[in-house]
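S.K.: This is the content of start-v6.txt (compact mmCIF, C-alpha atoms and all ligand atoms):
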```
# COMPACT_ATOMS: atom_id res chain seq x y z
CA MET J 21 -14.09 8.93 32.29
CA ASN J 22 -15.49 12.41 32.88
CA ALA J 23 -19.06 13.59 33.48
CA ASP J 24 -19.51 14.64 29.84
CA TYR J 25 -18.96 11.09 28.63
CA ILE J 26 -21.38 9.69 31.19
CA GLY J 27 -24.00 12.24 30.09
CA VAL J 28 -23.57 11.32 26.41
CA LEU J 29 -23.67 7.60 27.20
CA ALA J 30 -26.92 8.03 29.17
CA PHE J 31 -28.32 9.93 26.17
CA ILE J 32 -27.31 7.05 23.83
CA VAL J 33 -28.94 4.42 26.06
CA ILE J 34 -32.18 6.47 26.27
CA GLY J 35 -32.10 7.00 22.49
CA ALA J 36 -31.60 3.26 21.85
CA VAL J 37 -34.50 2.36 24.18
CA LEU J 38 -36.78 4.91 22.46
CA ALA J 39 -35.74 3.60 19.02
CA TRP J 40 -36.54 0.06 20.17
CA LYS J 41 -39.91 1.11 21.66
CA SER J 42 -40.88 2.93 18.46
CA LYS J 43 -39.89 -0.14 16.39
CA MET J 44 -36.97 1.53 14.60
CA LEU J 45 -34.54 -0.98 16.18
CA SER J 46 -34.93 -4.61 17.26
CA PRO J 47 -33.59 -5.49 20.77
CA SER J 48 -30.32 -6.73 19.21
CA GLY J 49 -30.20 -3.55 17.10
CA ALA J 50 -30.59 -1.40 20.23
CA VAL J 51 -27.71 -3.20 22.01
CA MET J 52 -25.47 -2.77 18.93
CA ALA J 53 -26.47 0.91 18.69
CA VAL J 54 -25.26 1.45 22.29
CA LEU J 55 -21.91 -0.24 21.46
CA VAL J 56 -21.46 1.77 18.24
CA GLY J 57 -22.54 4.96 20.03
CA SER J 58 -20.02 4.37 22.85
CA CYS J 59 -17.12 3.98 20.38
CA LEU J 60 -18.22 7.14 18.55
CA THR J 61 -18.38 9.07 21.84
CA LEU J 62 -14.88 7.95 22.84
CA GLY J 63 -13.40 9.35 19.63
CA PHE J 64 -15.65 12.19 18.54
CA GLY J 65 -17.71 13.10 21.62
CA ILE J 66 -21.28 14.27 21.20
CA LYS J 67 -20.50 15.61 17.71
CA GLY J 68 -19.97 12.05 16.48
CA ILE J 69 -23.37 11.11 17.93
CA ILE J 70 -24.97 14.08 16.13
CA VAL J 71 -23.56 12.96 12.74
CA MET J 72 -24.70 9.37 13.37
CA GLY J 73 -28.06 10.70 14.64
CA THR J 74 -28.51 12.73 11.43
CA PHE J 75 -28.17 9.52 9.43
CA PHE J 76 -30.31 7.43 11.77
CA VAL J 77 -33.15 9.91 12.30
CA SER J 78 -33.40 11.11 8.69
CA SER J 79 -33.37 7.61 7.24
CA SER J 80 -35.76 6.20 9.87
CA LEU J 81 -38.19 9.08 9.28
CA LEU J 82 -38.03 8.51 5.53
CA SER J 83 -38.78 4.79 6.08
CA LYS J 84 -41.73 5.57 8.35
CA TRP J 85 -43.05 8.36 6.11
CA ASN J 86 -42.76 6.01 3.17
CA GLY J 87 -44.40 3.30 5.28
CA LYS J 88 -47.62 2.78 3.36
CA LYS J 89 -45.91 2.26 0.07
CA LYS J 90 -43.23 0.17 1.75
CA SER J 91 -45.63 -2.49 3.02
CA SER J 92 -45.47 -4.23 -0.36
CA LEU J 93 -41.67 -3.88 -0.38
CA VAL J 94 -41.37 -5.82 2.88
CA GLU J 95 -42.37 -8.77 0.69
CA ILE J 96 -39.26 -8.27 -1.47
CA HIS J 97 -36.78 -7.25 1.20
CA GLU J 98 -35.18 -9.59 3.61
CA LYS J 99 -36.02 -7.32 6.53
CA GLY J 100 -38.57 -4.62 7.19
CA SER J 101 -37.84 -1.16 8.58
CA VAL J 102 -36.93 -2.50 12.07
CA ARG J 103 -33.12 -2.58 12.06
CA ASP J 104 -31.36 -5.47 13.74
CA TRP J 105 -27.75 -5.71 15.01
CA ALA J 106 -26.34 -6.68 11.60
CA GLN J 107 -27.86 -3.63 9.94
CA VAL J 108 -26.62 -1.31 12.70
CA LEU J 109 -23.14 -2.82 12.44
CA ALA J 110 -23.18 -2.64 8.61
CA ASN J 111 -24.09 1.05 8.69
CA GLY J 112 -22.29 2.20 11.85
CA GLY J 113 -19.39 -0.25 12.28
CA ILE J 114 -16.85 1.75 10.27
CA ALA J 115 -17.81 4.98 12.07
CA ALA J 116 -17.36 3.14 15.39
CA ALA J 117 -13.92 1.90 14.27
CA ALA J 118 -13.01 5.47 13.26
CA GLY J 119 -14.05 6.58 16.77
CA LEU J 120 -11.78 4.01 18.40
CA SER J 121 -8.92 4.94 16.06
CA VAL J 122 -9.12 8.67 16.88
CA PHE J 123 -9.20 7.82 20.58
CA PHE J 124 -6.02 5.74 20.41
CA TRP J 125 -4.16 7.34 17.49
CA PRO J 126 -5.57 10.82 16.73
CA THR J 127 -5.43 11.69 13.00
CA PRO J 128 -7.57 13.90 10.74
CA LEU J 129 -8.15 10.87 8.52
CA SER J 130 -10.54 9.49 11.17
CA PHE J 131 -12.93 12.37 10.42
CA LEU J 132 -12.81 11.46 6.75
CA ALA J 133 -13.60 7.80 7.55
CA LEU J 134 -16.48 8.85 9.85
CA GLY J 135 -17.91 11.24 7.25
CA ILE J 136 -17.58 8.97 4.21
CA SER J 137 -18.98 5.87 5.95
CA LEU J 138 -22.07 7.71 7.21
CA ALA J 139 -22.50 9.72 3.99
CA SER J 140 -22.42 6.44 2.06
CA ALA J 141 -24.99 4.83 4.40
CA ASN J 142 -27.21 7.91 4.24
CA SER J 143 -26.88 8.18 0.47
CA ASP J 144 -27.85 4.54 0.05
CA THR J 145 -30.84 4.78 2.40
CA TRP J 146 -32.16 8.03 0.92
CA ALA J 147 -31.74 6.65 -2.60
CA SER J 148 -33.73 3.52 -1.80
CA GLU J 149 -36.37 5.20 0.36
CA LEU J 150 -37.02 8.15 -1.97
CA GLY J 151 -36.35 6.19 -5.15
CA THR J 152 -39.37 4.00 -4.36
CA LEU J 153 -41.62 7.09 -4.54
CA SER J 154 -40.86 7.54 -8.21
CA LYS J 155 -43.85 6.69 -10.42
CA ARG J 156 -41.85 4.93 -13.11
CA PRO J 157 -40.21 1.64 -12.12
CA PRO J 158 -36.39 1.71 -11.85
CA ILE J 159 -34.00 0.26 -14.45
CA SER J 160 -31.82 -2.75 -13.57
CA ILE J 161 -28.15 -1.97 -14.19
CA ARG J 162 -27.64 -5.61 -15.27
CA ASN J 163 -29.88 -5.62 -18.33
CA PHE J 164 -31.27 -2.05 -18.48
CA LYS J 165 -34.82 -3.40 -18.21
CA ARG J 166 -37.45 -1.87 -15.96
CA VAL J 167 -37.85 -3.96 -12.80
CA ALA J 168 -40.14 -3.95 -9.74
CA THR J 169 -39.77 -0.88 -7.49
CA GLY J 170 -37.46 -1.66 -4.56
CA THR J 171 -35.28 -4.18 -6.42
CA SER J 172 -31.60 -4.07 -5.35
CA GLY J 173 -29.26 -3.10 -8.17
CA ALA J 174 -31.80 -0.94 -9.97
CA ILE J 175 -31.55 2.81 -10.43
CA SER J 176 -33.83 5.75 -11.15
CA LEU J 177 -33.12 9.44 -11.68
CA GLY J 178 -35.08 10.36 -8.53
CA GLY J 179 -33.23 7.78 -6.42
CA THR J 180 -29.82 8.92 -7.66
CA LEU J 181 -30.63 12.56 -6.91
CA ALA J 182 -31.94 11.58 -3.46
CA GLY J 183 -28.69 9.65 -2.86
CA PHE J 184 -26.67 12.75 -3.72
CA LEU J 185 -28.71 14.85 -1.28
CA GLY J 186 -28.30 12.16 1.41
CA SER J 187 -24.53 12.33 1.06
CA LEU J 188 -24.63 16.14 0.95
CA LEU J 189 -26.50 16.34 4.28
CA ILE J 190 -23.85 14.27 6.10
CA ALA J 191 -21.02 16.19 4.42
CA VAL J 192 -22.54 19.53 5.52
CA VAL J 193 -23.28 18.41 9.09
CA SER J 194 -19.84 16.84 9.68
CA THR J 195 -17.99 19.78 8.07
CA LEU J 196 -19.82 22.32 10.24
CA LEU J 197 -19.51 20.32 13.48
CA PHE J 198 -15.82 19.42 13.13
CA GLN J 199 -14.86 22.57 11.18
CA LEU J 200 -13.36 20.49 8.40
CA SER J 201 -11.66 21.98 5.34
CA LEU J 202 -13.52 22.48 2.05
CA GLU J 203 -11.37 19.71 0.60
CA LEU J 204 -12.57 17.23 3.24
CA PHE J 205 -16.15 18.38 2.61
CA PHE J 206 -15.88 17.48 -1.09
CA PHE J 207 -14.18 14.18 -0.31
CA ILE J 208 -17.04 13.18 2.03
CA LEU J 209 -19.69 14.31 -0.47
CA PHE J 210 -18.09 12.56 -3.44
CA PHE J 211 -17.05 9.29 -1.79
CA GLY J 212 -20.31 9.05 0.16
CA PHE J 213 -22.21 9.25 -3.12
CA PHE J 214 -19.70 6.87 -4.72
CA GLY J 215 -20.38 4.34 -1.91
CA MET J 216 -24.06 4.35 -2.90
CA LEU J 217 -23.07 3.63 -6.52
CA ILE J 218 -20.81 0.73 -5.41
CA ASP J 219 -23.74 -0.52 -3.33
CA THR J 220 -25.97 -0.54 -6.42
CA ILE J 221 -23.41 -2.44 -8.50
CA LEU J 222 -22.75 -5.03 -5.76
CA GLY J 223 -26.51 -5.28 -5.20
CA ALA J 224 -27.02 -6.00 -8.89
CA TYR J 225 -24.32 -8.65 -9.27
CA LEU J 226 -23.45 -10.22 -5.91
CA GLN J 227 -26.45 -9.92 -3.61
CA ALA J 228 -28.59 -13.03 -3.25
CA GLU J 229 -31.94 -12.97 -5.02
CA TYR J 230 -34.47 -15.77 -4.83
CA ILE J 231 -37.50 -16.73 -6.81
CA CYS J 232 -40.53 -18.14 -4.99
CA ARG J 233 -41.58 -21.58 -6.23
CA LYS J 234 -45.23 -20.89 -5.41
CA CYS J 235 -45.95 -17.29 -6.43
CA GLY J 236 -42.98 -16.60 -8.74
CA LEU J 237 -42.03 -13.35 -6.96
CA HIS J 238 -38.36 -12.26 -6.99
CA ILE J 239 -37.29 -11.72 -3.37
CA GLU J 240 -34.21 -11.12 -1.19
CA LYS J 241 -35.15 -13.62 1.50
CA PRO J 242 -34.66 -17.39 1.13
CA ILE J 243 -38.19 -18.34 2.28
CA HIS J 244 -41.48 -17.19 0.74
CA CYS J 245 -45.05 -18.54 0.86
CA HIS J 246 -43.79 -20.84 3.69
CA GLU J 247 -41.48 -22.62 1.26
CA GLU J 248 -37.79 -22.55 0.49
CA ALA J 249 -37.23 -20.28 -2.53
CA VAL J 250 -34.70 -20.96 -5.31
CA LEU J 251 -31.52 -18.86 -5.55
CA CYS J 252 -31.64 -17.17 -8.98
CA LYS J 253 -28.84 -14.58 -8.64
CA GLY J 254 -25.78 -13.78 -6.53
CA SER J 255 -24.43 -15.74 -3.62
CA SER J 256 -26.56 -16.99 -0.73
CA TRP J 257 -24.16 -15.57 1.90
CA ILE J 258 -24.19 -12.05 0.44
CA ARG J 259 -27.17 -10.28 1.94
CA ASN J 260 -28.15 -6.63 1.89
CA ASP J 261 -26.17 -5.93 5.12
CA THR J 262 -23.04 -7.47 3.61
CA VAL J 263 -23.38 -5.32 0.49
CA ASN J 264 -23.90 -2.18 2.61
CA PHE J 265 -20.81 -2.93 4.66
CA ILE J 266 -18.54 -3.78 1.71
CA SER J 267 -19.60 -0.69 -0.26
CA SER J 268 -19.11 1.65 2.73
CA LEU J 269 -15.71 0.13 3.45
CA SER J 270 -14.61 0.42 -0.20
CA ALA J 271 -15.73 4.07 -0.36
CA VAL J 272 -13.83 4.88 2.87
CA LEU J 273 -10.64 3.09 1.75
CA LEU J 274 -10.72 4.79 -1.69
CA GLY J 275 -11.37 8.16 -0.05
CA LEU J 276 -8.45 7.73 2.39
CA PHE J 277 -6.20 6.51 -0.44
CA PHE J 278 -6.92 9.48 -2.71
CA PHE J 279 -6.81 12.00 0.14
CA ASN J 280 -3.39 10.78 1.20
CA GLY J 281 -2.19 11.16 -2.37
CA PHE J 282 -2.82 14.92 -2.33
ZN ZN J 301 -44.26 -16.61 -2.74
```
If you convert what's in this file into C-alpha cells, what do you get?
Ligand SMILES: [Zn+2]

M.R.:
Amino acid sequence: MNADYIGVLAFIVIGAVLAWKSKMLSPSGAVMAVLVGSCLTLGFGIKGIIVMGTFFVSSSLLSKWNGKKKSSLVEIHEKGSVRDWAQVLANGGIAAAAGLSVFFWPTPLSFLALGISLASANSDTWASELGTLSKRPPISIRNFKRVATGTSGAISLGGTLAGFLGSLLIAVVSTLLFQLSLELFFFILFFGFFGMLIDTILGAYLQAEYICRKCGLHIEKPIHCHEEAVLCKGSSWIRNDTVNFISSLSAVLLGLFFFNGF
C-alpha cells in the first residue's frame, strides 16, 4: 500500500467522523462509510471518493436545507436524515463492489457500475428531497390519487425533474474525472434516472406501509403512537433501504447488459 492510499484513507476516516459529528451519519453509518470508502479507493483511487462524495454531500445538504419541512416527514419515514449502516450499504454497496472488482479484474464496465449505482442513488435522493418542496401533493402511481407529500411510490413533475438533474450531476462528474466516452456518459445518465423510476415502482408496490391504530396516519415504520401499527401494503421485510438497493442493482445490471450488447 503506497502513501497515496494512506492519505486517502485518512481523509475518509476524517470525513466519516465529521459526518457522524454533524449528524449526517449514525456511528454504524460512519463505520460502513469507511468500509465502502476503502473499497472505492482500492479500485478508483481518490476519484471514486469524489464521485461518492458528490452524491453524499449534495444529498445531505438537500436534506439539511429541506430540514424544516422534513420534520413532519420524519413521522412518515422509517428513519430521519441521519443515515445508518443499512442506508450507507444500500446506496454505496454496489459502488464498493465495483471498486473491488476493478482492483482484482480491471474492466471498463466497473466505471459503468460505479456511475449508474451512484447516479441512481443521487437521482432517488434528489427526487425525494426536492419533490417534497412542490406545493401540490404528489400522485400515487398505484391509483393516480394525490397522496401526502413524502409518500413512497408517489411522483410529481418537480421530483422527476430533480431526479433527472441528480443523475445528470453524477454522470457529468464521473465522465470528467475518469474521461469516459460520451456513450458511457449517456448510459450513466439514462440508467441512473431509470433506477429512480424502478425505485418509485418498487416503493409503490412492495415497500411496507403501515397504518397507525391510534392516529390513522400512513407510515413506513411498524410502530407509531407507542403502538404496533397494522401493515396495510407491501411486505414487512421490504423497507426503504431494501428498495433502494434492489433498484440500484437492477439499473446497474440492465445498464451492463445493454452496454455489452453494443
Ligand atoms: Zn399514530

S.K.: Mind giving me the straight-line distance from CA of Asn22 (chain J) to CA of Ala133 (chain J) in Å, one decimal?

M.R.: 25.8 Å

S.K.: List all protein, DNA and RNA residues that have any atom at most 12 Å from ligand ZN 301 (chain J), counting only C-alpha atoms and all ligand atoms, and write the list as a PyMOL selection string.

M.R.: chain J and resi 95-96+230-250

S.K.: Skipping near chain neighbours, those fewer than 3 positions away, what residues fall within 6 Å of Met52 (chain J) using all atoms listed in the file, listed as number ranges by chain?

M.R.: J: 49, 55, 105

S.K.: Excluding Tyr225 (chain J) and its own-chain neighbours fewer than 5 positions away, which residues fall within 8 Å of it when counting only C-alpha atoms? Please give them as a VMD selection string.

M.R.: chain J and resid 162 173 253 to 254

S.K.: Could you name the residues that touch region 110-126 of chain J at 6 Å or less, counting all atoms listed in the file, but leaving out those on the same chain fewer than 3 positions away, as an MDAnalysis selection string?

M.R.: chainID J and resid 56 59:60 63 106:107 130 134 141 261 265

S.K.: What's the 12 Å shell around region 191-196 of chain J, counting only C-alpha atoms, without same-chain residues fewer than 6 positions away, as a ChimeraX atom specification?

M.R.: /J:64,66-75,130-140,142-143,184-185,202-213

S.K.: Provide the CA of Ser154 (chain J) to CA of Ser267 (chain J) distance in Å, to one decimal place.

M.R.: 24.1 Å

S.K.: How many Å lie between CA of Val33 (chain J) and CA of Ala53 (chain J), rounded to one decimal?

M.R.: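 CA of Ala53 (chain J) lies at a distance of 8.5 Å from CA of Val33 (chain J).
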
S.K.: With 4 Å on each side, where is the centre of the axis-aligned box around all listed atoms of region 256-259 of chain J, and how long are its edges in Å to one decimal, as JSON?

M.R.:
```
{"center_x": -25.7, "center_y": -13.6, "center_z": 0.6, "size_x": 11.0, "size_y": 14.7, "size_z": 10.7}
```

S.K.: List every protein, DNA or RNA residue that has at least one atom no more than 9 Å from (-36.3, 6.1, -2.9) in the file's coordinates, counting all atoms listed in the file, and write the result as a VMD selection string.

M.R.: chain J and resid 82 86 145 to 154 170 176 178 to 180 182 to 183

S.K.: Determine, counting all atoms listed in the file, which protein, DNA and RNA residues have an atom within 12 Å of an atom of Phe31 (chain J); residues of the same chain fewer than 2 positions away are not included. Present the result as a list in words.

M.R.: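 That gives Asp24, Tyr25, Ile26, Gly27, Val28, Leu29, Val33, Ile34, Gly35, Ala36, Val37, Leu38, Ala53, Val54, Gly57, Ser58, Thr61, Gly65, Ile66, Ile69, Ile70 and Gly73 of chain J.
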
S.K.: Using all atoms listed in the file, which residue out of J:Asn280, J:Thr220, J:Ser79, J:Ser42 lies closest to Ile175 (chain J)?

M.R.: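 Smallest distance to Ile175 (chain J) is found for J:Thr220.
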